[in-house]
$ cat model22.cif   # mmCIF, C-alpha atoms
data_start
#
loop_
_atom_site.label_atom_id
_atom_site.label_comp_id
_atom_site.auth_asym_id
_atom_site.auth_seq_id
_atom_site.Cartn_x
_atom_site.Cartn_y
_atom_site.Cartn_z
CA MET A 1 130.20 119.29 63.14
CA LEU A 2 133.15 117.30 64.40
CA ARG A 3 135.46 119.71 62.71
CA SER A 4 133.91 122.70 64.44
CA ALA A 5 134.04 120.90 67.76
CA ALA A 6 137.69 120.04 67.21
CA ARG A 7 138.46 123.62 66.23
CA PHE A 8 136.78 124.83 69.40
CA GLY A 9 138.80 122.33 71.41
CA VAL A 10 142.08 123.45 69.85
CA LEU A 11 141.18 127.08 70.39
CA ALA A 12 140.16 126.44 73.94
CA VAL A 13 143.37 124.65 74.78
CA ARG A 14 145.44 127.30 73.00
CA GLN A 15 143.76 130.08 74.88
CA GLY A 16 144.09 128.17 78.09
CA VAL A 17 140.35 128.09 78.75
CA LEU A 18 140.10 124.40 79.42
CA CYS A 19 143.43 124.30 81.19
CA GLN A 20 142.34 127.02 83.54
CA ARG A 21 139.13 125.21 84.30
CA VAL A 22 140.50 121.76 84.74
CA ALA A 23 143.67 122.34 86.67
CA PRO A 24 142.24 123.90 89.86
CA ALA A 25 139.46 121.32 89.94
CA ILE A 26 142.01 118.54 90.24
CA GLY A 27 144.03 120.44 92.78
CA ALA A 28 141.02 121.32 94.91
CA ARG A 29 139.49 117.87 95.05
CA SER A 30 139.28 116.78 98.62
CA PHE A 31 139.24 113.13 99.47
CA SER A 32 137.31 111.88 102.45
CA ALA A 33 139.18 111.35 105.62
CA ALA A 34 137.53 108.18 106.84
CA VAL A 35 136.51 108.66 110.43
CA GLU A 36 135.73 105.39 112.10
CA GLU A 37 132.97 105.73 114.65
CA THR A 38 132.72 103.03 117.22
CA ASP A 39 129.32 101.59 118.12
CA ALA A 40 129.56 103.12 121.58
CA GLU A 41 130.17 106.57 120.10
CA ILE A 42 127.14 106.23 117.82
CA ASP A 43 124.96 105.10 120.70
CA ALA A 44 126.17 107.98 122.85
CA HIS A 45 125.58 110.41 119.99
CA PHE A 46 121.96 109.38 119.54
CA GLU A 47 121.25 109.24 123.24
CA ALA A 48 122.57 112.75 123.66
CA TYR A 49 120.71 113.85 120.52
CA PHE A 50 117.29 112.85 121.84
CA LYS A 51 118.06 114.44 125.20
CA ARG A 52 118.83 117.83 123.66
CA ALA A 53 117.10 120.70 125.40
CA ASP A 54 116.23 122.40 122.08
CA LEU A 55 114.76 119.26 120.51
CA ASP A 56 111.71 120.15 118.41
CA PRO A 57 109.37 117.92 116.34
CA TRP A 58 111.45 118.52 113.21
CA LEU A 59 114.71 117.48 114.90
CA LEU A 60 113.02 114.55 116.60
CA ARG A 61 111.82 113.13 113.31
CA LYS A 62 115.15 113.80 111.70
CA GLY A 63 116.86 111.79 114.44
CA LEU A 64 114.34 108.98 114.09
CA TYR A 65 114.86 108.90 110.33
CA ASP A 66 118.64 108.95 110.81
CA ILE A 67 118.37 105.87 113.00
CA HIS A 68 115.95 104.21 110.62
CA ARG A 69 118.15 104.55 107.57
CA ARG A 70 121.32 103.50 109.33
CA ASP A 71 122.36 99.89 109.43
CA MET A 72 121.65 99.69 113.14
CA ILE A 73 118.99 98.78 115.63
CA PRO A 74 118.79 101.26 118.52
CA ASN A 75 119.58 99.80 121.89
CA PRO A 76 116.98 99.93 124.68
CA GLU A 77 118.52 103.05 126.23
CA ILE A 78 118.09 105.01 122.98
CA CYS A 79 114.55 103.66 122.60
CA LYS A 80 113.68 104.89 126.09
CA THR A 81 115.15 108.30 125.33
CA ILE A 82 113.12 108.48 122.11
CA LEU A 83 109.90 107.63 123.92
CA LYS A 84 110.64 110.29 126.52
CA ALA A 85 111.40 112.82 123.78
CA CYS A 86 108.03 112.04 122.18
CA ARG A 87 106.40 112.55 125.57
CA LYS A 88 108.14 115.87 125.98
CA LEU A 89 106.88 117.05 122.58
CA ASP A 90 103.38 115.61 123.15
CA ASP A 91 103.28 113.41 120.06
CA TYR A 92 101.65 110.12 120.96
CA ALA A 93 101.33 108.92 117.35
CA LEU A 94 105.07 109.09 116.91
CA THR A 95 105.68 106.57 119.71
CA THR A 96 103.49 104.03 117.95
CA ARG A 97 105.15 104.79 114.63
CA PHE A 98 108.56 104.38 116.23
CA LEU A 99 107.61 101.02 117.71
CA GLU A 100 106.38 99.93 114.28
CA ALA A 101 109.62 101.08 112.65
CA LEU A 102 111.56 99.26 115.35
CA LYS A 103 109.60 96.09 114.66
CA PHE A 104 110.27 96.55 110.95
CA LYS A 105 114.01 96.91 111.56
CA CYS A 106 114.01 93.81 113.77
CA ARG A 107 112.25 91.59 111.21
CA GLY A 108 114.05 88.29 111.14
CA GLU A 109 115.38 88.94 114.66
CA PRO A 110 112.37 88.21 116.90
CA ALA A 111 114.55 87.49 119.93
CA LEU A 112 116.21 90.91 119.66
CA LEU A 113 112.84 92.65 119.35
CA ALA A 114 111.51 90.78 122.36
CA PHE A 115 114.59 91.78 124.35
CA ILE A 116 114.27 95.48 123.45
CA LEU A 117 110.53 95.50 124.17
CA LYS A 118 111.13 93.82 127.53
CA GLU A 119 113.75 96.39 128.42
CA ILE A 120 111.65 99.42 127.46
CA LYS A 121 108.41 98.06 128.93
CA PRO A 122 108.81 99.93 132.27
CA THR A 123 109.28 103.23 130.44
CA MET A 124 106.28 102.53 128.23
CA ASP A 125 104.16 101.76 131.27
CA GLU A 126 105.42 104.87 133.01
CA LEU A 127 104.52 107.08 130.03
CA GLY A 128 101.29 105.26 129.21
CA VAL A 129 102.41 104.06 125.79
CA SER A 130 100.52 101.03 124.50
CA THR A 131 102.30 98.21 122.72
CA LEU A 132 101.45 97.41 119.12
CA GLU A 133 99.61 94.29 120.28
CA GLU A 134 97.46 96.35 122.64
CA MET A 135 96.72 98.82 119.85
CA GLY A 136 95.91 95.96 117.48
CA TYR A 137 98.47 97.26 115.00
CA ASP A 138 100.36 93.99 114.79
CA LYS A 139 97.89 93.04 112.08
CA PRO A 140 96.01 95.20 109.58
CA GLU A 141 93.12 97.09 111.11
CA LEU A 142 91.60 98.77 108.05
CA TRP A 143 91.48 96.64 104.94
CA LEU A 144 89.16 95.60 102.18
CA GLU A 145 88.36 92.08 101.16
CA TYR A 146 89.55 91.34 97.66
CA PRO A 147 86.39 90.73 95.58
CA ASP A 148 87.73 87.54 94.00
CA ASP A 149 88.33 85.98 97.41
CA ARG A 150 84.58 85.78 98.01
CA LEU A 151 84.10 83.38 95.12
CA MET B 1 99.59 148.07 88.95
CA SER B 2 103.18 148.71 89.76
CA LEU B 3 102.95 145.99 92.39
CA LEU B 4 102.24 143.30 89.81
CA LYS B 5 105.69 143.26 88.29
CA PRO B 6 106.47 139.87 86.79
CA LYS B 7 109.40 139.33 89.12
CA LEU B 8 107.33 139.97 92.21
CA LEU B 9 104.56 137.74 90.91
CA CYS B 10 107.07 134.96 90.38
CA THR B 11 108.36 135.39 93.90
CA LEU B 12 104.87 135.24 95.35
CA LEU B 13 104.00 132.15 93.31
CA ALA B 14 107.24 130.47 94.27
CA ARG B 15 106.63 131.17 97.94
CA ARG B 16 103.14 129.74 97.65
CA THR B 17 104.16 126.60 95.84
CA PHE B 18 107.50 126.16 97.55
CA HIS B 19 107.91 122.52 98.53
CA GLY B 20 104.21 121.98 97.82
CA ARG B 21 103.10 124.28 100.62
CA ALA B 22 100.08 125.38 98.54
CA GLN B 23 98.77 121.85 98.26
CA ILE B 24 98.70 120.68 101.87
CA GLY B 25 95.93 122.90 103.19
CA LYS B 26 96.22 123.50 106.91
CA ARG B 27 98.13 120.31 107.62
CA GLU B 28 100.89 120.71 110.17
CA VAL B 29 104.44 120.42 108.84
CA VAL B 30 106.28 118.26 111.34
CA GLY B 31 109.54 117.23 109.71
CA HIS B 32 111.81 116.84 106.76
CA GLY B 33 110.19 113.72 105.37
CA LEU B 34 111.70 111.94 102.42
CA ASN B 35 113.24 114.86 100.53
CA GLY B 36 112.10 118.09 102.13
CA THR B 37 108.89 118.51 100.12
CA TYR B 38 105.63 118.75 102.03
CA SER B 39 104.28 115.42 100.92
CA TYR B 40 102.72 112.47 102.69
CA LEU B 41 103.93 108.97 101.88
CA ASP B 42 103.63 105.77 103.86
CA ARG B 43 106.91 104.05 103.16
CA ALA B 44 108.78 101.46 105.15
CA ASP B 45 112.13 103.05 104.25
CA CYS B 46 110.96 106.51 105.31
CA PRO B 47 108.34 106.04 107.99
CA TYR B 48 108.22 109.66 109.18
CA PRO B 49 106.54 111.83 106.52
CA ALA B 50 106.91 115.59 106.50
CA ILE B 51 103.28 116.46 107.24
CA ARG B 52 100.46 115.04 109.28
CA TRP B 53 97.87 113.05 107.37
CA GLU B 54 94.83 115.00 108.54
CA GLU B 55 94.12 118.68 108.69
CA PRO B 56 93.51 119.95 112.21
CA GLY B 57 89.82 120.50 112.90
CA SER B 58 87.15 120.50 115.52
CA HIS B 59 87.04 116.69 115.56
CA ILE B 60 90.60 116.35 116.81
CA ASP B 61 91.35 119.58 118.68
CA ALA B 62 90.05 118.36 122.04
CA LEU B 63 92.05 115.17 121.69
CA LEU B 64 95.22 117.07 120.82
CA GLN B 65 94.74 119.09 124.01
CA LYS B 66 94.13 115.91 126.02
CA GLN B 67 97.33 114.48 124.53
CA LYS B 68 99.28 117.13 126.38
CA GLY B 69 98.17 115.61 129.65
CA ASP B 70 98.96 112.17 131.02
CA TRP B 71 98.88 109.53 128.29
CA LYS B 72 97.52 106.99 130.76
CA ASN B 73 94.19 108.84 130.59
CA LEU B 74 93.93 108.21 126.85
CA SER B 75 91.66 105.35 125.88
CA LEU B 76 92.61 102.91 123.16
CA GLU B 77 90.20 104.55 120.71
CA GLU B 78 91.71 107.95 121.42
CA LYS B 79 95.21 106.61 120.87
CA LYS B 80 94.12 105.14 117.57
CA ALA B 81 92.45 108.40 116.58
CA LEU B 82 95.67 110.25 117.33
CA TYR B 83 97.64 107.79 115.25
CA ARG B 84 95.26 108.09 112.31
CA HIS B 85 95.45 111.85 112.62
CA SER B 86 99.18 111.73 112.00
CA PHE B 87 99.45 108.69 109.78
CA ARG B 88 97.25 107.19 107.12
CA GLN B 89 98.12 103.51 107.35
CA THR B 90 99.95 101.38 109.89
CA PHE B 91 103.11 99.55 108.91
CA VAL B 92 101.42 96.17 108.52
CA GLU B 93 98.65 97.75 106.48
CA PHE B 94 100.87 99.31 103.86
CA ASP B 95 103.25 96.35 103.91
CA SER B 96 100.58 93.71 103.34
CA PRO B 97 100.05 92.20 99.88
CA ARG B 98 97.63 94.10 97.71
CA GLY B 99 96.40 91.17 95.65
CA ASP B 100 97.53 92.87 92.46
CA TRP B 101 99.53 89.88 91.26
CA ARG B 102 96.30 88.59 89.77
CA ILE B 103 95.71 91.50 87.46
CA ILE B 104 99.41 91.63 86.54
CA THR B 105 99.48 87.92 85.68
CA GLY B 106 96.24 88.31 83.74
CA GLY B 107 97.62 91.27 81.82
CA VAL B 108 100.82 89.46 80.89
CA MET B 109 98.85 86.41 79.73
CA PHE B 110 96.58 88.63 77.66
CA GLY B 111 99.60 90.27 76.03
CA LEU B 112 101.18 86.91 75.21
CA ALA B 113 97.94 85.60 73.73
CA PHE B 114 97.53 88.75 71.65
CA ALA B 115 101.07 88.49 70.27
CA LEU B 116 100.60 84.80 69.48
CA TRP B 117 97.35 85.37 67.61
CA MET B 118 98.84 88.33 65.76
CA SER B 119 101.73 86.20 64.51
CA ILE B 120 99.38 83.35 63.52
CA LEU B 121 96.98 85.62 61.65
CA LEU B 122 99.76 87.61 59.98
CA LYS B 123 101.35 84.41 58.80
CA LYS B 124 98.03 83.09 57.51
CA PHE B 125 96.56 86.16 55.82
CA VAL B 126 99.14 88.91 55.34
CA LEU B 127 102.72 87.74 54.85
CA PRO B 128 103.79 86.11 51.56
CA PRO B 129 104.91 82.47 51.70
CA LEU B 130 108.55 81.78 52.53
CA PRO B 131 110.95 81.81 49.57
CA GLU B 132 111.71 78.62 47.65
CA SER B 133 115.17 78.40 49.18
CA CYS B 134 113.62 77.67 52.58
CA SER B 135 112.08 74.38 51.50
CA GLU B 136 113.62 71.13 52.74
CA GLU B 137 114.81 69.99 49.27
CA SER B 138 116.37 73.35 48.59
CA LYS B 139 118.24 73.29 51.88
CA GLN B 140 119.52 69.79 51.16
CA ALA B 141 120.70 70.98 47.74
CA GLN B 142 122.47 73.93 49.31
CA LEU B 143 124.24 71.63 51.74
CA LYS B 144 125.27 69.32 48.93
CA ARG B 145 126.64 72.24 46.98
CA MET B 146 128.65 73.49 49.96
CA ILE B 147 130.23 70.07 50.33
CA GLU B 148 131.01 69.97 46.63
CA ILE B 149 132.81 73.30 46.63
CA ARG B 150 134.63 72.27 49.83
CA ALA B 151 133.42 75.20 51.85
CA ASN B 152 135.19 75.83 55.14
CA PRO B 153 137.73 73.01 54.95
CA VAL B 154 139.46 73.75 58.27
CA GLU B 155 136.71 73.85 60.89
CA GLY B 156 133.46 74.01 58.88
CA ILE B 157 131.32 71.71 56.78
CA ALA B 158 134.00 70.39 54.41
CA SER B 159 136.21 69.41 57.32
CA LYS B 160 133.43 67.12 58.61
CA TRP B 161 132.88 65.34 55.27
CA ASP B 162 134.83 62.27 54.37
CA TYR B 163 135.50 62.83 50.62
CA GLU B 164 137.08 59.39 50.10
CA ASN B 165 134.10 57.39 51.34
CA ASN B 166 131.47 60.05 50.54
CA ARG B 167 129.93 60.20 53.99
CA TRP B 168 130.11 62.26 57.20
CA LYS B 169 133.21 61.65 59.26
#
$ encode --input "model22.cif" --output "structure tokens"
Amino acid sequence: MLRSAARFGVLAVRQGVLCQRVAPAIGARSFSAAVEETDAEIDAHFEAYFKRADLDPWLLRKGLYDIHRRDMIPNPEICKTILKACRKLDDYALTTRFLEALKFKCRGEPALLAFILKEIKPTMDELGVSTLEEMGYDKPELWLEYPDDRL
Amino acid sequence: MSLLKPKLLCTLLARRTFHGRAQIGKREVVGHGLNGTYSYLDRADCPYPAIRWEEPGSHIDALLQKQKGDWKNLSLEEKKALYRHSFRQTFVEFDSPRGDWRIITGGVMFGLAFALWMSILLKKFVLPPLPESCSEESKQAQLKRMIEIRANPVEGIASKWDYENNRWK
């Protein structure tokens, strides 16, 4: 088996098959040009993103997921824009989900969460968005008692 | 009959099952989700699933219409109903402990006990006794023999034996 593989290898090199395949691949490899984005640029990008005129539910959720998976916590201005985008697309559930995701991202940083919530409170009141505490979603609403706990 | 060519059938099936479209009923597709398939998952690392949790129906249609108006007119129950229409569980609900550590601990303990009893019973009823060379006297004799033939004189046993006084160094 090894012999046949070796023979194939020799043949391939002799006929230039492997050489033809390998050489352009090395030549065409493109290395990343690291583009450093400043925090202000990222903030401006997301704020503009959620203000887009052609924003639809798909794009809105994509933007929210982009923020969620980045190593960042959106500043109050972005949060307000997101809430307004949800209002524009008539998706109330998404505002609550966003607030939950925000709270999840801010775990371990209660002061930061309190600051953001204080800043976006006027917008929430203006739109009629309830806080998680008002909704009762700061603790589990639907849950089952574990049978062993009754013992 | 000419319509049912295999290729066309494959195309139709693929279109039907593409990204799980055939499995979601009438649920509204609202986004990309985790990987582009039409699936619902409550995950903290991907909190915006691709489809709504519930199918639209007569129970929610009026509320969805009301949602297009001012949100201040929505009562708390209506807001919760809207949330549960889109999402199955809240963050704290799917993040809370499930109490399954008990059954996992129990299972591991059961496995350990089973293995222990297997080894005890095998040793007692199945396996032959250990060979003679494993007895204490035999091991002492082997050690004595190794010292006598001066095994490993540089770093091993013989190097640790004082041959002039016949004791360990």
$ resolve_selection --input "model22.cif" --expression "the PyMOL selection byres ((chain B) within 8 of (chain A))" --output "list in words"
Val30, Gly31, His32, Ala44, Asp45, Cys46, Pro47, Tyr48, Gln67, Lys68, Asp70, Trp71, Lys72, Leu76, Lys79, Lys80, Leu82, Tyr83, Arg84, Ser86, Phe87, Thr90, Phe91, Val92, Glu93, Ser96 and Gly99 of chain B
$ atom_distance --input "model22.cif" --atom1 "atom CA of Gly25 of chain B" --atom2 "atom CA of Thr37 of chain B"
14.0 Å
$ closest_residue --input "model22.cif" --among "A:Gly63, A:Ala53, A:Glu47, A:Ala114" --to "Thr81 of chain A" --atoms "all atoms listed in the file"
A:Glu47
$ resolve_selection --input "model22.cif" --expression "the PyMOL selection byres ((chain A and resi 77) around 12)" --output "ChimeraX atom specification"
/A:40,43-48,50-51,73-76,78-84,116-123
$ closest_residue --input "model22.cif" --among "B:Arg88, B:Leu121, B:Phe110, B:Gly57" --to "Tyr40 of chain B" --atoms "only C-alpha atoms"
B:Arg88
$ atom_distance --input "model22.cif" --atom1 "atom CA of Gln23 of chain B" --atom2 "atom CA of Ser39 of chain B"
8.9 Å
$ atom_distance --input "model22.cif" --atom1 "atom CA of Lys160 of chain B" --atom2 "atom CA of Ile147 of chain B"
9.4 Å
$ residues_near_point --input "model22.cif" --point "(102.7, 119.7, 107.6)" --cutoff "9 Å" --atoms "all atoms listed in the file" --output "ChimeraX atom specification"
/B:21,24-31,38-40,49-53,55
$ build_atoms --input "model22.cif" --residues "segment 121-132 of chain B" --atoms "all heavy atoms" --output "PDB file, in the frame of the given file"
ATOM      1  N   LEU B 121      97.836  85.022  62.680  1.00  0.00           N
ATOM      2  CA  LEU B 121      96.980  85.620  61.650  1.00  0.00           C
ATOM      3  C   LEU B 121      97.805  86.297  60.561  1.00  0.00           C
ATOM      4  O   LEU B 121      97.472  86.212  59.374  1.00  0.00           O
ATOM      5  CB  LEU B 121      96.019  86.626  62.298  1.00  0.00           C
ATOM      6  CG  LEU B 121      94.992  85.987  63.238  1.00  0.00           C
ATOM      7  CD1 LEU B 121      94.150  87.056  63.893  1.00  0.00           C
ATOM      8  CD2 LEU B 121      94.115  85.021  62.463  1.00  0.00           C
ATOM      9  N   LEU B 122      98.908  86.968  60.989  1.00  0.00           N
ATOM     10  CA  LEU B 122      99.760  87.610  59.980  1.00  0.00           C
ATOM     11  C   LEU B 122     100.325  86.564  59.028  1.00  0.00           C
ATOM     12  O   LEU B 122     100.350  86.737  57.817  1.00  0.00           O
ATOM     13  CB  LEU B 122     100.910  88.357  60.667  1.00  0.00           C
ATOM     14  CG  LEU B 122     100.578  89.729  61.237  1.00  0.00           C
ATOM     15  CD1 LEU B 122     101.766  90.270  61.992  1.00  0.00           C
ATOM     16  CD2 LEU B 122     100.194  90.683  60.125  1.00  0.00           C
ATOM     17  N   LYS B 123     100.761  85.462  59.618  1.00  0.00           N
ATOM     18  CA  LYS B 123     101.350  84.410  58.800  1.00  0.00           C
ATOM     19  C   LYS B 123     100.317  83.850  57.834  1.00  0.00           C
ATOM     20  O   LYS B 123     100.611  83.512  56.695  1.00  0.00           O
ATOM     21  CB  LYS B 123     101.871  83.309  59.714  1.00  0.00           C
ATOM     22  CG  LYS B 123     103.081  82.604  59.159  1.00  0.00           C
ATOM     23  CD  LYS B 123     103.825  81.894  60.266  1.00  0.00           C
ATOM     24  CE  LYS B 123     105.078  81.283  59.658  1.00  0.00           C
ATOM     25  NZ  LYS B 123     105.962  80.727  60.630  1.00  0.00           N
ATOM     26  N   LYS B 124      99.060  83.748  58.304  1.00  0.00           N
ATOM     27  CA  LYS B 124      98.030  83.090  57.510  1.00  0.00           C
ATOM     28  C   LYS B 124      97.478  84.011  56.424  1.00  0.00           C
ATOM     29  O   LYS B 124      97.227  83.563  55.306  1.00  0.00           O
ATOM     30  CB  LYS B 124      96.902  82.652  58.435  1.00  0.00           C
ATOM     31  CG  LYS B 124      96.058  81.517  57.877  1.00  0.00           C
ATOM     32  CD  LYS B 124      95.252  80.887  58.991  1.00  0.00           C
ATOM     33  CE  LYS B 124      94.161  79.989  58.439  1.00  0.00           C
ATOM     34  NZ  LYS B 124      94.643  78.973  57.511  1.00  0.00           N
ATOM     35  N   PHE B 125      97.314  85.295  56.749  1.00  0.00           N
ATOM     36  CA  PHE B 125      96.560  86.160  55.820  1.00  0.00           C
ATOM     37  C   PHE B 125      97.385  87.279  55.187  1.00  0.00           C
ATOM     38  O   PHE B 125      96.999  87.804  54.170  1.00  0.00           O
ATOM     39  CB  PHE B 125      95.379  86.796  56.547  1.00  0.00           C
ATOM     40  CG  PHE B 125      94.356  85.780  56.965  1.00  0.00           C
ATOM     41  CD1 PHE B 125      94.111  85.539  58.286  1.00  0.00           C
ATOM     42  CD2 PHE B 125      93.655  85.060  56.003  1.00  0.00           C
ATOM     43  CE1 PHE B 125      93.180  84.600  58.674  1.00  0.00           C
ATOM     44  CE2 PHE B 125      92.720  84.122  56.392  1.00  0.00           C
ATOM     45  CZ  PHE B 125      92.477  83.888  57.718  1.00  0.00           C
ATOM     46  N   VAL B 126      98.479  87.700  55.809  1.00  0.00           N
ATOM     47  CA  VAL B 126      99.140  88.910  55.340  1.00  0.00           C
ATOM     48  C   VAL B 126     100.470  88.605  54.655  1.00  0.00           C
ATOM     49  O   VAL B 126     100.700  89.000  53.515  1.00  0.00           O
ATOM     50  CB  VAL B 126      99.378  89.891  56.503  1.00  0.00           C
ATOM     51  CG1 VAL B 126     100.065  91.134  56.008  1.00  0.00           C
ATOM     52  CG2 VAL B 126      98.057  90.219  57.183  1.00  0.00           C
ATOM     53  N   LEU B 127     101.356  87.891  55.350  1.00  0.00           N
ATOM     54  CA  LEU B 127     102.720  87.740  54.850  1.00  0.00           C
ATOM     55  C   LEU B 127     102.756  86.793  53.660  1.00  0.00           C
ATOM     56  O   LEU B 127     101.980  85.828  53.608  1.00  0.00           O
ATOM     57  CB  LEU B 127     103.613  87.215  55.971  1.00  0.00           C
ATOM     58  CG  LEU B 127     103.736  88.137  57.177  1.00  0.00           C
ATOM     59  CD1 LEU B 127     104.505  87.451  58.286  1.00  0.00           C
ATOM     60  CD2 LEU B 127     104.438  89.417  56.769  1.00  0.00           C
ATOM     61  N   PRO B 128     103.656  87.045  52.679  1.00  0.00           N
ATOM     62  CA  PRO B 128     103.790  86.110  51.560  1.00  0.00           C
ATOM     63  C   PRO B 128     104.440  84.814  52.039  1.00  0.00           C
ATOM     64  O   PRO B 128     105.063  84.799  53.106  1.00  0.00           O
ATOM     65  CB  PRO B 128     104.711  86.876  50.598  1.00  0.00           C
ATOM     66  CG  PRO B 128     105.483  87.790  51.458  1.00  0.00           C
ATOM     67  CD  PRO B 128     104.586  88.159  52.589  1.00  0.00           C
ATOM     68  N   PRO B 129     104.266  83.726  51.279  1.00  0.00           N
ATOM     69  CA  PRO B 129     104.910  82.470  51.700  1.00  0.00           C
ATOM     70  C   PRO B 129     106.426  82.616  51.700  1.00  0.00           C
ATOM     71  O   PRO B 129     106.978  83.496  51.058  1.00  0.00           O
ATOM     72  CB  PRO B 129     104.435  81.463  50.646  1.00  0.00           C
ATOM     73  CG  PRO B 129     103.986  82.278  49.502  1.00  0.00           C
ATOM     74  CD  PRO B 129     103.492  83.560  50.052  1.00  0.00           C
ATOM     75  N   LEU B 130     107.092  81.729  52.449  1.00  0.00           N
ATOM     76  CA  LEU B 130     108.550  81.780  52.530  1.00  0.00           C
ATOM     77  C   LEU B 130     109.145  81.502  51.155  1.00  0.00           C
ATOM     78  O   LEU B 130     108.533  80.799  50.345  1.00  0.00           O
ATOM     79  CB  LEU B 130     109.043  80.738  53.539  1.00  0.00           C
ATOM     80  CG  LEU B 130     108.701  81.039  54.996  1.00  0.00           C
ATOM     81  CD1 LEU B 130     109.128  79.879  55.878  1.00  0.00           C
ATOM     82  CD2 LEU B 130     109.378  82.314  55.451  1.00  0.00           C
ATOM     83  N   PRO B 131     110.342  82.036  50.884  1.00  0.00           N
ATOM     84  CA  PRO B 131     110.950  81.810  49.570  1.00  0.00           C
ATOM     85  C   PRO B 131     111.260  80.327  49.323  1.00  0.00           C
ATOM     86  O   PRO B 131     111.360  79.540  50.267  1.00  0.00           O
ATOM     87  CB  PRO B 131     112.210  82.665  49.609  1.00  0.00           C
ATOM     88  CG  PRO B 131     112.455  82.937  51.037  1.00  0.00           C
ATOM     89  CD  PRO B 131     111.135  82.941  51.701  1.00  0.00           C
ATOM     90  N   GLU B 132     111.449  80.009  48.058  1.00  0.00           N
ATOM     91  CA  GLU B 132     111.710  78.620  47.650  1.00  0.00           C
ATOM     92  C   GLU B 132     112.924  78.034  48.359  1.00  0.00           C
ATOM     93  O   GLU B 132     112.956  76.866  48.725  1.00  0.00           O
ATOM     94  CB  GLU B 132     111.883  78.596  46.136  1.00  0.00           C
ATOM     95  CG  GLU B 132     112.158  77.236  45.529  1.00  0.00           C
ATOM     96  CD  GLU B 132     111.087  76.225  45.869  1.00  0.00           C
ATOM     97  OE1 GLU B 132     109.898  76.627  46.037  1.00  0.00           O
ATOM     98  OE2 GLU B 132     111.420  75.030  46.003  1.00  0.00           O
TER      99      GLU B 132
END
